[in-house]
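As stored in work_16.csv (CSV, C-alpha atoms):
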chain,number,residue,atom,x,y,z
A,18,MET,CA,-14.2,-0.9,-25.5
A,19,ARG,CA,-12.1,-2.6,-22.8
A,20,ILE,CA,-10.4,-0.4,-20.2
A,21,LYS,CA,-7.6,-1.5,-17.9
A,22,ALA,CA,-7.0,0.4,-14.6
A,23,ILE,CA,-4.4,0.2,-11.8
A,24,VAL,CA,-5.7,1.1,-8.4
A,25,SER,CA,-4.2,1.4,-4.9
A,26,TYR,CA,-6.1,1.3,-1.7
A,27,LYS,CA,-5.7,1.2,2.0
A,28,GLY,CA,-7.6,-1.9,3.1
A,29,THR,CA,-8.2,-1.1,6.7
A,30,ALA,CA,-11.8,0.1,6.3
A,31,PHE,CA,-12.8,-2.6,3.7
A,32,TYR,CA,-14.2,-6.0,4.2
A,33,GLY,CA,-11.9,-7.2,1.4
A,34,TYR,CA,-11.9,-6.5,-2.3
A,35,GLN,CA,-14.9,-8.6,-3.3
A,36,ILE,CA,-18.5,-7.4,-3.0
A,37,GLN,CA,-20.2,-8.8,0.1
A,38,THR,CA,-23.5,-10.1,-1.1
A,39,LYS,CA,-24.9,-11.2,2.3
A,40,THR,CA,-23.9,-8.1,4.2
A,41,LYS,CA,-23.6,-4.4,3.7
A,42,GLU,CA,-19.9,-4.3,4.6
A,43,ARG,CA,-17.8,-2.0,2.5
A,44,SER,CA,-15.7,-3.5,-0.3
A,45,VAL,CA,-13.3,-2.1,-2.9
A,46,GLN,CA,-15.2,-3.7,-5.8
A,47,ASP,CA,-18.5,-2.2,-4.8
A,48,GLU,CA,-17.1,1.3,-4.3
A,49,ILE,CA,-15.5,1.4,-7.8
A,50,GLN,CA,-18.5,-0.2,-9.5
A,51,LYS,CA,-20.9,2.3,-8.0
A,52,VAL,CA,-18.8,5.3,-9.2
A,53,LEU,CA,-18.3,3.9,-12.7
A,54,SER,CA,-22.0,3.1,-13.0
A,55,ARG,CA,-22.7,6.7,-12.0
A,56,ILE,CA,-20.3,8.1,-14.5
A,57,PHE,CA,-21.5,6.0,-17.4
A,58,SER,CA,-25.2,6.0,-16.3
A,59,SER,CA,-25.3,2.2,-16.8
A,60,ASP,CA,-24.4,-0.9,-14.8
A,61,ILE,CA,-20.6,-1.4,-14.9
A,62,LYS,CA,-19.0,-4.5,-13.6
A,63,ILE,CA,-15.2,-4.7,-13.1
A,64,VAL,CA,-13.0,-7.8,-13.2
A,65,ALA,CA,-9.9,-7.7,-10.9
A,66,SER,CA,-6.6,-9.6,-11.0
A,67,GLY,CA,-7.8,-11.3,-7.8
A,68,ARG,CA,-9.2,-10.8,-4.4
A,69,THR,CA,-7.6,-9.3,-1.3
A,70,ASP,CA,-8.9,-10.2,2.2
A,71,ARG,CA,-10.2,-7.9,4.9
A,72,GLY,CA,-7.6,-5.4,5.9
A,73,VAL,CA,-5.2,-6.2,3.1
A,74,HIS,CA,-3.8,-3.2,1.1
A,75,ALA,CA,-2.9,-2.8,-2.6
A,76,ILE,CA,-0.3,-0.7,-4.2
A,77,ASN,CA,-0.9,-2.0,-7.8
A,78,GLN,CA,-4.2,-3.8,-8.1
A,79,CYS,CA,-5.5,-4.2,-11.6
A,80,PHE,CA,-9.0,-4.5,-13.0
A,81,HIS,CA,-10.7,-4.2,-16.3
A,82,PHE,CA,-14.2,-3.3,-17.5
A,83,ASP,CA,-16.1,-2.9,-20.8
A,84,VAL,CA,-18.1,0.0,-22.0
A,85,ASP,CA,-20.1,0.5,-25.2
A,86,LYS,CA,-18.7,4.0,-25.9
A,87,GLU,CA,-15.5,4.3,-28.0
A,88,ASN,CA,-14.5,8.0,-27.7
A,89,ILE,CA,-13.7,8.3,-24.0
A,90,ASP,CA,-11.4,10.8,-22.6
A,91,LEU,CA,-9.4,8.6,-20.3
A,92,TYR,CA,-7.7,11.5,-18.6
A,93,LYS,CA,-11.0,13.0,-17.6
A,94,LEU,CA,-12.3,9.5,-16.6
A,95,LYS,CA,-9.4,9.0,-14.2
A,96,HIS,CA,-9.9,12.5,-12.8
A,97,SER,CA,-13.7,11.9,-12.3
A,98,LEU,CA,-13.1,8.5,-10.6
A,99,ASN,CA,-10.6,10.0,-8.1
A,100,CYS,CA,-12.9,12.9,-7.3
A,101,LEU,CA,-15.9,10.6,-6.6
A,102,LEU,CA,-14.0,7.8,-4.8
A,103,GLU,CA,-13.2,8.0,-1.1
A,104,ASN,CA,-9.6,8.9,-0.2
A,105,ASP,CA,-8.7,5.4,0.7
A,106,ILE,CA,-9.0,4.3,-3.0
A,107,HIS,CA,-6.9,6.0,-5.8
A,108,ILE,CA,-6.9,5.2,-9.5
A,109,LYS,CA,-3.3,5.4,-10.6
A,110,SER,CA,-3.7,4.8,-14.3
A,111,ILE,CA,-6.3,4.0,-17.0
A,112,GLU,CA,-5.7,2.8,-20.5
A,113,ARG,CA,-7.5,1.2,-23.4
A,114,VAL,CA,-6.5,-2.5,-24.0
A,115,SER,CA,-7.3,-5.2,-26.5
A,116,GLU,CA,-10.5,-7.3,-26.1
A,117,ASP,CA,-8.4,-10.4,-25.3
A,118,PHE,CA,-6.8,-8.8,-22.2
A,119,HIS,CA,-8.1,-10.2,-19.0
A,120,ALA,CA,-7.1,-8.7,-15.6
A,121,ARG,CA,-7.1,-12.2,-14.0
A,122,PHE,CA,-6.3,-14.7,-16.8
A,123,SER,CA,-3.6,-12.7,-18.5
A,124,ILE,CA,-1.4,-12.6,-15.4
A,125,LEU,CA,2.1,-14.1,-15.6
A,126,ASP,CA,3.0,-13.6,-11.9
A,127,LYS,CA,2.2,-11.5,-8.8
A,128,THR,CA,4.3,-10.0,-6.1
A,129,TYR,CA,3.0,-9.5,-2.5
A,130,GLN,CA,4.8,-7.4,0.1
A,131,TYR,CA,4.7,-7.8,3.8
A,132,LYS,CA,6.0,-5.2,6.3
A,133,ILE,CA,7.0,-6.0,9.9
A,134,ASN,CA,8.1,-3.4,12.5
A,135,VAL,CA,10.7,-5.0,14.8
A,136,GLY,CA,11.3,-1.8,16.8
A,137,GLU,CA,9.2,0.2,19.2
A,138,PHE,CA,5.4,0.1,18.7
A,139,ASP,CA,4.5,2.5,15.8
A,140,VAL,CA,1.2,4.0,16.8
A,141,PHE,CA,0.9,6.0,13.6
A,142,ASN,CA,1.3,3.1,11.2
A,143,ASP,CA,-0.3,0.3,13.2
A,144,GLU,CA,-2.9,-0.3,10.4
A,145,LEU,CA,-0.2,-0.4,7.7
A,146,LEU,CA,2.3,-2.9,9.1
A,147,PHE,CA,2.6,-5.7,11.6
A,148,ASN,CA,3.8,-4.3,14.9
A,149,LEU,CA,5.7,-7.3,16.0
A,150,ASN,CA,8.1,-5.2,18.2
A,151,GLN,CA,10.5,-8.1,18.6
A,152,LYS,CA,13.9,-8.7,17.0
A,153,LEU,CA,14.0,-11.3,14.2
A,154,ASP,CA,16.8,-13.5,13.0
A,155,VAL,CA,16.6,-12.2,9.4
A,156,GLU,CA,19.4,-14.4,8.1
A,157,LEU,CA,17.7,-17.5,9.4
A,158,MET,CA,14.5,-16.4,7.8
A,159,LYS,CA,16.3,-16.0,4.5
A,160,GLU,CA,17.6,-19.5,4.7
A,161,ALA,CA,14.1,-20.8,5.5
A,162,SER,CA,12.5,-18.8,2.7
A,163,SER,CA,14.5,-20.7,0.1
A,164,TYR,CA,12.5,-23.9,0.9
A,165,PHE,CA,9.4,-22.3,-0.4
A,166,VAL,CA,10.9,-21.4,-3.8
A,167,GLY,CA,9.8,-23.6,-6.7
A,168,GLU,CA,6.6,-25.6,-7.4
A,169,HIS,CA,5.1,-27.2,-4.4
A,170,SER,CA,1.8,-28.3,-2.8
A,171,PHE,CA,0.9,-25.5,-0.5
A,172,HIS,CA,-1.9,-27.4,1.1
A,173,ASN,CA,-0.4,-26.8,4.6
A,174,PHE,CA,0.1,-23.1,3.9
A,175,CYS,CA,-3.3,-22.0,2.7
A,176,SER,CA,-7.0,-22.5,3.7
A,177,ASN,CA,-8.1,-24.2,0.4
A,178,ASP,CA,-8.8,-27.9,0.1
A,179,GLU,CA,-8.1,-28.1,-3.6
A,180,ASP,CA,-6.0,-26.6,-6.4
A,181,PHE,CA,-3.1,-25.7,-4.1
A,182,ILE,CA,-0.2,-26.5,-6.4
A,183,ARG,CA,1.6,-23.2,-6.9
A,184,LYS,CA,5.1,-22.0,-8.0
A,185,ILE,CA,7.0,-19.4,-5.9
A,186,ASN,CA,9.6,-17.7,-8.1
A,187,PHE,CA,11.5,-15.8,-5.4
A,188,ILE,CA,11.3,-14.5,-1.9
A,189,GLU,CA,13.3,-11.4,-0.9
A,190,ILE,CA,13.8,-10.3,2.7
A,191,THR,CA,15.3,-7.0,3.6
A,192,HIS,CA,16.0,-5.4,7.0
A,193,THR,CA,16.3,-1.6,7.1
A,194,ASP,CA,16.4,0.2,10.5
A,195,ASN,CA,13.3,-1.3,12.3
A,196,LEU,CA,11.5,-2.5,9.2
A,197,VAL,CA,11.7,-6.0,7.8
A,198,THR,CA,10.1,-6.3,4.4
A,199,ILE,CA,9.3,-9.6,2.7
A,200,ASN,CA,8.5,-9.7,-1.1
A,201,ILE,CA,7.0,-12.9,-2.4
A,202,ASN,CA,6.6,-13.5,-6.2
A,203,GLY,CA,4.7,-16.4,-7.7
A,204,ASN,CA,2.4,-17.6,-10.4
A,205,GLY,CA,-0.6,-17.6,-8.1
A,206,PHE,CA,-1.6,-17.6,-4.4
A,207,ARG,CA,-4.4,-19.4,-2.5
A,208,ARG,CA,-6.3,-17.8,0.3
A,209,TYR,CA,-4.1,-16.9,3.3
A,210,MET,CA,-1.1,-18.4,1.6
A,211,VAL,CA,1.1,-15.4,1.8
A,212,ARG,CA,0.1,-14.7,5.3
A,213,MET,CA,0.8,-18.3,6.4
A,214,ILE,CA,4.2,-18.3,4.7
A,215,VAL,CA,5.1,-15.1,6.3
A,216,GLY,CA,3.8,-16.3,9.7
A,217,THR,CA,6.0,-19.4,9.4
A,218,LEU,CA,9.0,-17.3,8.5
A,219,ILE,CA,8.4,-15.1,11.5
A,220,GLU,CA,8.2,-18.1,13.8
A,221,VAL,CA,11.6,-19.2,12.3
A,222,GLY,CA,13.0,-15.7,12.9
A,223,LEU,CA,11.9,-15.9,16.5
A,224,HIS,CA,13.6,-19.3,16.9
A,225,ARG,CA,10.3,-21.0,17.7
A,226,PHE,CA,10.0,-23.1,14.6
A,227,ASN,CA,12.6,-25.4,12.9
A,228,LYS,CA,13.2,-24.3,9.3
A,229,GLU,CA,13.7,-27.9,8.3
A,230,ARG,CA,10.1,-28.6,9.1
A,231,ILE,CA,9.1,-26.5,6.1
A,232,LYS,CA,10.5,-29.0,3.7
A,233,GLU,CA,8.4,-31.7,5.4
A,234,LEU,CA,5.2,-29.6,5.3
A,235,LEU,CA,5.6,-29.0,1.6
A,236,GLY,CA,5.7,-32.7,1.0
A,237,GLU,CA,2.7,-33.8,3.0
A,238,GLU,CA,-1.0,-32.7,3.2
A,239,ASN,CA,-2.2,-33.6,6.6
A,240,PHE,CA,-0.9,-30.8,8.9
A,241,ARG,CA,-1.8,-27.1,8.2
A,242,VAL,CA,0.4,-24.6,10.0
A,243,SER,CA,-1.3,-22.5,12.6
A,244,PHE,CA,0.8,-19.4,11.9
A,245,LYS,CA,-1.0,-16.6,10.0
A,246,ALA,CA,0.5,-13.1,10.0
A,247,PRO,CA,-2.0,-10.2,10.5
A,248,SER,CA,-3.6,-8.6,7.4
A,249,SER,CA,-2.4,-5.1,8.3
A,250,GLY,CA,1.1,-5.8,7.0
A,251,LEU,CA,0.2,-7.3,3.6
A,252,TYR,CA,0.2,-5.5,0.3
A,253,LEU,CA,-0.6,-6.6,-3.2
A,254,PHE,CA,2.6,-5.0,-4.6
A,255,ASP,CA,2.7,-5.7,-8.3
A,256,ILE,CA,1.2,-7.7,-11.1
A,257,ASN,CA,3.1,-8.8,-14.2
A,258,TYR,CA,1.4,-9.2,-17.5
A,259,GLY,CA,4.5,-9.4,-19.6
A,260,GLU,CA,5.8,-6.9,-22.2
A,261,ASN,CA,3.2,-5.8,-24.7
A,262,LYS,CA,0.7,-8.2,-23.1
A,263,ASP,CA,-1.9,-5.5,-23.1
A,264,ASP,CA,-1.1,-3.5,-26.2

Just dump the structure as structure tokens.
Amino acid sequence: MRIKAIVSYKGTAFYGYQIQTKTKERSVQDEIQKVLSRIFSSDIKIVASGRTDRGVHAINQCFHFDVDKENIDLYKLKHSLNCLLENDIHIKSIERVSEDFHARFSILDKTYQYKINVGEFDVFNDELLFNLNQKLDVELMKEASSYFVGEHSFHNFCSNDEDFIRKINFIEITHTDNLVTININGNGFRRYMVRMIVGTLIEVGLHRFNKERIKELLGEENFRVSFKAPSSGLYLFDINYGENKDD
């Protein structure tokens, strides 16, 4: 029996999603697997839609796992998980899916969200957003963001040295009161890619980086940008599997 779950977590206290094999640092994967293994009295491994880095949060992360049992009360399972997990992880939903569903390989696209405070320093939410505390030229950022849309080589906007061709479907930037929110949707993202895109857009918004340079950097592979927005403002916002993909 294959089970799909949606989980949210506050990434502040985690060393990322993935289990740290060489250290004893806390990870989201390890926390969930330990609780599931305890519930089922067997070794349970989960497969997620992807990894998040240290300090990155998730609103709708997806994972699946397999169990030998067939008659499982999913309502009770969800309740048990949330009772046993720490308060910075919450299982939002659990459902049975077909055996061909895969949390990673069945994805059509993902949306990441980044939050920036451009007002006074917010001491209460410092771990949940980027306290930039400077005004941004949001309209200029919107113009610059259009250059990222489409299929490009993101070699200069990620830390990977291979497999960096990705497609950005849209970037939406909103400004409400002192909060600037950036939503980025694409078919896949390499390590630090979202944070480097956001960091570049911030530099454009501060009038410290020419937006036209973005087009040049998407066409060459010999100059990585040095801009990387802090992890505290980044959220895995949503994952799209398509209608009836997991029925």

inquiry  = Give me the residues near stretch 149-163 of chain A as a PyMOL selection string, where near means some atom within 8 Å (using only C-alpha atoms) and where sequence neighbours in that chain fewer than 2 positions away do not count.
reply    = chain A and resi 133-138+147+165-166+187-192+218-219+221-224+228-229+231

message = Would you compute the distance between atom CA of A:Ser66 and atom CA of A:Arg43? Give it in Å to one decimal.
response = 19.1 Å

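The interatomic distance for the pair atom CA of A:Asp178 and atom CA of A:Asn239 works out to 10.9 Å.
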
inquiry  = Quick one: residues within 8 Å of stretch 105-109 of chain A, all atoms listed in the file, excluding same-chain residues fewer than 2 positions away - as an MDAnalysis selection string?
reply    = chainID A and resid 22:28 45 95 98:99 102:103 111

Can I get the selected residues back with C-alpha atoms, as an mmCIF file, in the frame of the given file?
data_model
loop_
_atom_site.group_PDB
_atom_site.id
_atom_site.type_symbol
_atom_site.label_atom_id
_atom_site.label_comp_id
_atom_site.auth_asym_id
_atom_site.auth_seq_id
_atom_site.Cartn_x
_atom_site.Cartn_y
_atom_site.Cartn_z
ATOM 1 C CA ALA A 22 -7.000 0.400 -14.600
ATOM 2 C CA ILE A 23 -4.400 0.200 -11.800
ATOM 3 C CA VAL A 24 -5.700 1.100 -8.400
ATOM 4 C CA SER A 25 -4.200 1.400 -4.900
ATOM 5 C CA TYR A 26 -6.100 1.300 -1.700
ATOM 6 C CA LYS A 27 -5.700 1.200 2.000
ATOM 7 C CA GLY A 28 -7.600 -1.900 3.100
ATOM 8 C CA VAL A 45 -13.300 -2.100 -2.900
ATOM 9 C CA LYS A 95 -9.400 9.000 -14.200
ATOM 10 C CA LEU A 98 -13.100 8.500 -10.600
ATOM 11 C CA ASN A 99 -10.600 10.000 -8.100
ATOM 12 C CA LEU A 102 -14.000 7.800 -4.800
ATOM 13 C CA GLU A 103 -13.200 8.000 -1.100
ATOM 14 C CA ILE A 111 -6.300 4.000 -17.000
#

ask   = Using only C-alpha atoms, which residues sit within 7 Å of A:Gly72 once same-chain residues fewer than 3 positions away are excluded, as a PyMOL selection string?
value = chain A and resi 28-33+248-249

key: Option closest in space to A:Asn88, from A:Arg121, A:Lys62, A:Lys39, A:Arg19 [counting only C-alpha atoms]   = A:Arg19

task = Might you pull out every residue within 10 Å of A:Phe57, with all atoms listed in the file counted and same-chain residues fewer than 6 positions away left off, and present them as JSON, numbers by chain?
result = {"A": [84, 85, 86, 94]}

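Here atom CA of A:Ser44 stands at a distance of 26.6 Å from atom CA of A:Glu116.
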
task = Would you be able to write out as a PyMOL selection string which residues have an atom within 10 Å of (8.5, -17.6, -2.7) in the file's coordinates, counting all atoms listed in the file?
result = chain A and resi 128-129+162-168+183-189+199-204+211+214-215

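Remark: for A:Tyr34, the closest of the candidate residues A:Ala65, A:Met18, A:Val197, A:Ile56 is A:Ala65 (distances computed over only C-alpha atoms).
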
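With distances restricted to only C-alpha atoms, A:Asn195 is the closest residue to A:Asp139 from A:Asn177, A:Thr69, A:Ser97, A:Asn195.
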
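Using all atoms listed in the file, the nearest neighbour of A:Glu112 within the list A:Asp47, A:Lys21, A:Phe206, A:His81 is A:Lys21.
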
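Take the candidates A:Asp70, A:Val64, A:Ile182, A:Tyr131 and check each one against A:Gln37 using all atoms listed in the file; the shortest distance goes to A:Asp70.
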
Atoms are missing here; could stretch 182-199 of chain A be completed with N, CA and C atoms and written as a PDB file, in the coordinates of the input?
ATOM      1  N   ILE A 182      -1.493 -26.407  -5.817  1.00  0.00           N
ATOM      2  CA  ILE A 182      -0.200 -26.500  -6.400  1.00  0.00           C
ATOM      3  C   ILE A 182       0.180 -25.114  -6.976  1.00  0.00           C
ATOM      4  N   ARG A 183       1.213 -24.518  -6.477  1.00  0.00           N
ATOM      5  CA  ARG A 183       1.600 -23.200  -6.900  1.00  0.00           C
ATOM      6  C   ARG A 183       3.155 -23.125  -7.018  1.00  0.00           C
ATOM      7  N   LYS A 184       3.634 -22.138  -7.780  1.00  0.00           N
ATOM      8  CA  LYS A 184       5.100 -22.000  -8.000  1.00  0.00           C
ATOM      9  C   LYS A 184       5.495 -20.611  -7.391  1.00  0.00           C
ATOM     10  N   ILE A 185       6.434 -20.633  -6.468  1.00  0.00           N
ATOM     11  CA  ILE A 185       7.000 -19.400  -5.900  1.00  0.00           C
ATOM     12  C   ILE A 185       8.323 -19.150  -6.716  1.00  0.00           C
ATOM     13  N   ASN A 186       8.417 -17.987  -7.332  1.00  0.00           N
ATOM     14  CA  ASN A 186       9.600 -17.700  -8.100  1.00  0.00           C
ATOM     15  C   ASN A 186      10.746 -17.117  -7.283  1.00  0.00           C
ATOM     16  N   PHE A 187      10.416 -16.278  -6.324  1.00  0.00           N
ATOM     17  CA  PHE A 187      11.500 -15.800  -5.400  1.00  0.00           C
ATOM     18  C   PHE A 187      10.819 -15.196  -4.153  1.00  0.00           C
ATOM     19  N   ILE A 188      11.611 -15.189  -3.090  1.00  0.00           N
ATOM     20  CA  ILE A 188      11.300 -14.500  -1.900  1.00  0.00           C
ATOM     21  C   ILE A 188      12.467 -13.647  -1.463  1.00  0.00           C
ATOM     22  N   GLU A 189      12.246 -12.357  -1.319  1.00  0.00           N
ATOM     23  CA  GLU A 189      13.300 -11.400  -0.900  1.00  0.00           C
ATOM     24  C   GLU A 189      12.978 -10.840   0.439  1.00  0.00           C
ATOM     25  N   ILE A 190      13.951 -10.873   1.340  1.00  0.00           N
ATOM     26  CA  ILE A 190      13.800 -10.300   2.700  1.00  0.00           C
ATOM     27  C   ILE A 190      14.830  -9.282   2.943  1.00  0.00           C
ATOM     28  N   THR A 191      14.404  -8.075   3.301  1.00  0.00           N
ATOM     29  CA  THR A 191      15.300  -7.000   3.600  1.00  0.00           C
ATOM     30  C   THR A 191      15.060  -6.451   5.002  1.00  0.00           C
ATOM     31  N   HIS A 192      16.105  -5.916   5.610  1.00  0.00           N
ATOM     32  CA  HIS A 192      16.000  -5.400   7.000  1.00  0.00           C
ATOM     33  C   HIS A 192      16.660  -3.986   6.967  1.00  0.00           C
ATOM     34  N   THR A 193      15.837  -2.948   7.083  1.00  0.00           N
ATOM     35  CA  THR A 193      16.300  -1.600   7.100  1.00  0.00           C
ATOM     36  C   THR A 193      15.808  -0.886   8.357  1.00  0.00           C
ATOM     37  N   ASP A 194      16.730  -0.423   9.206  1.00  0.00           N
ATOM     38  CA  ASP A 194      16.400   0.200  10.500  1.00  0.00           C
ATOM     39  C   ASP A 194      15.471  -0.820  11.261  1.00  0.00           C
ATOM     40  N   ASN A 195      14.233  -0.445  11.562  1.00  0.00           N
ATOM     41  CA  ASN A 195      13.300  -1.300  12.300  1.00  0.00           C
ATOM     42  C   ASN A 195      12.299  -2.015  11.434  1.00  0.00           C
ATOM     43  N   LEU A 196      12.469  -1.935  10.114  1.00  0.00           N
ATOM     44  CA  LEU A 196      11.500  -2.500   9.200  1.00  0.00           C
ATOM     45  C   LEU A 196      12.042  -3.714   8.468  1.00  0.00           C
ATOM     46  N   VAL A 197      11.342  -4.838   8.624  1.00  0.00           N
ATOM     47  CA  VAL A 197      11.700  -6.000   7.800  1.00  0.00           C
ATOM     48  C   VAL A 197      10.600  -6.164   6.752  1.00  0.00           C
ATOM     49  N   THR A 198      11.051  -6.239   5.506  1.00  0.00           N
ATOM     50  CA  THR A 198      10.100  -6.300   4.400  1.00  0.00           C
ATOM     51  C   THR A 198      10.347  -7.642   3.638  1.00  0.00           C
ATOM     52  N   ILE A 199       9.244  -8.325   3.366  1.00  0.00           N
ATOM     53  CA  ILE A 199       9.300  -9.600   2.700  1.00  0.00           C
ATOM     54  C   ILE A 199       8.519  -9.483   1.354  1.00  0.00           C
TER      55      ILE A 199
END
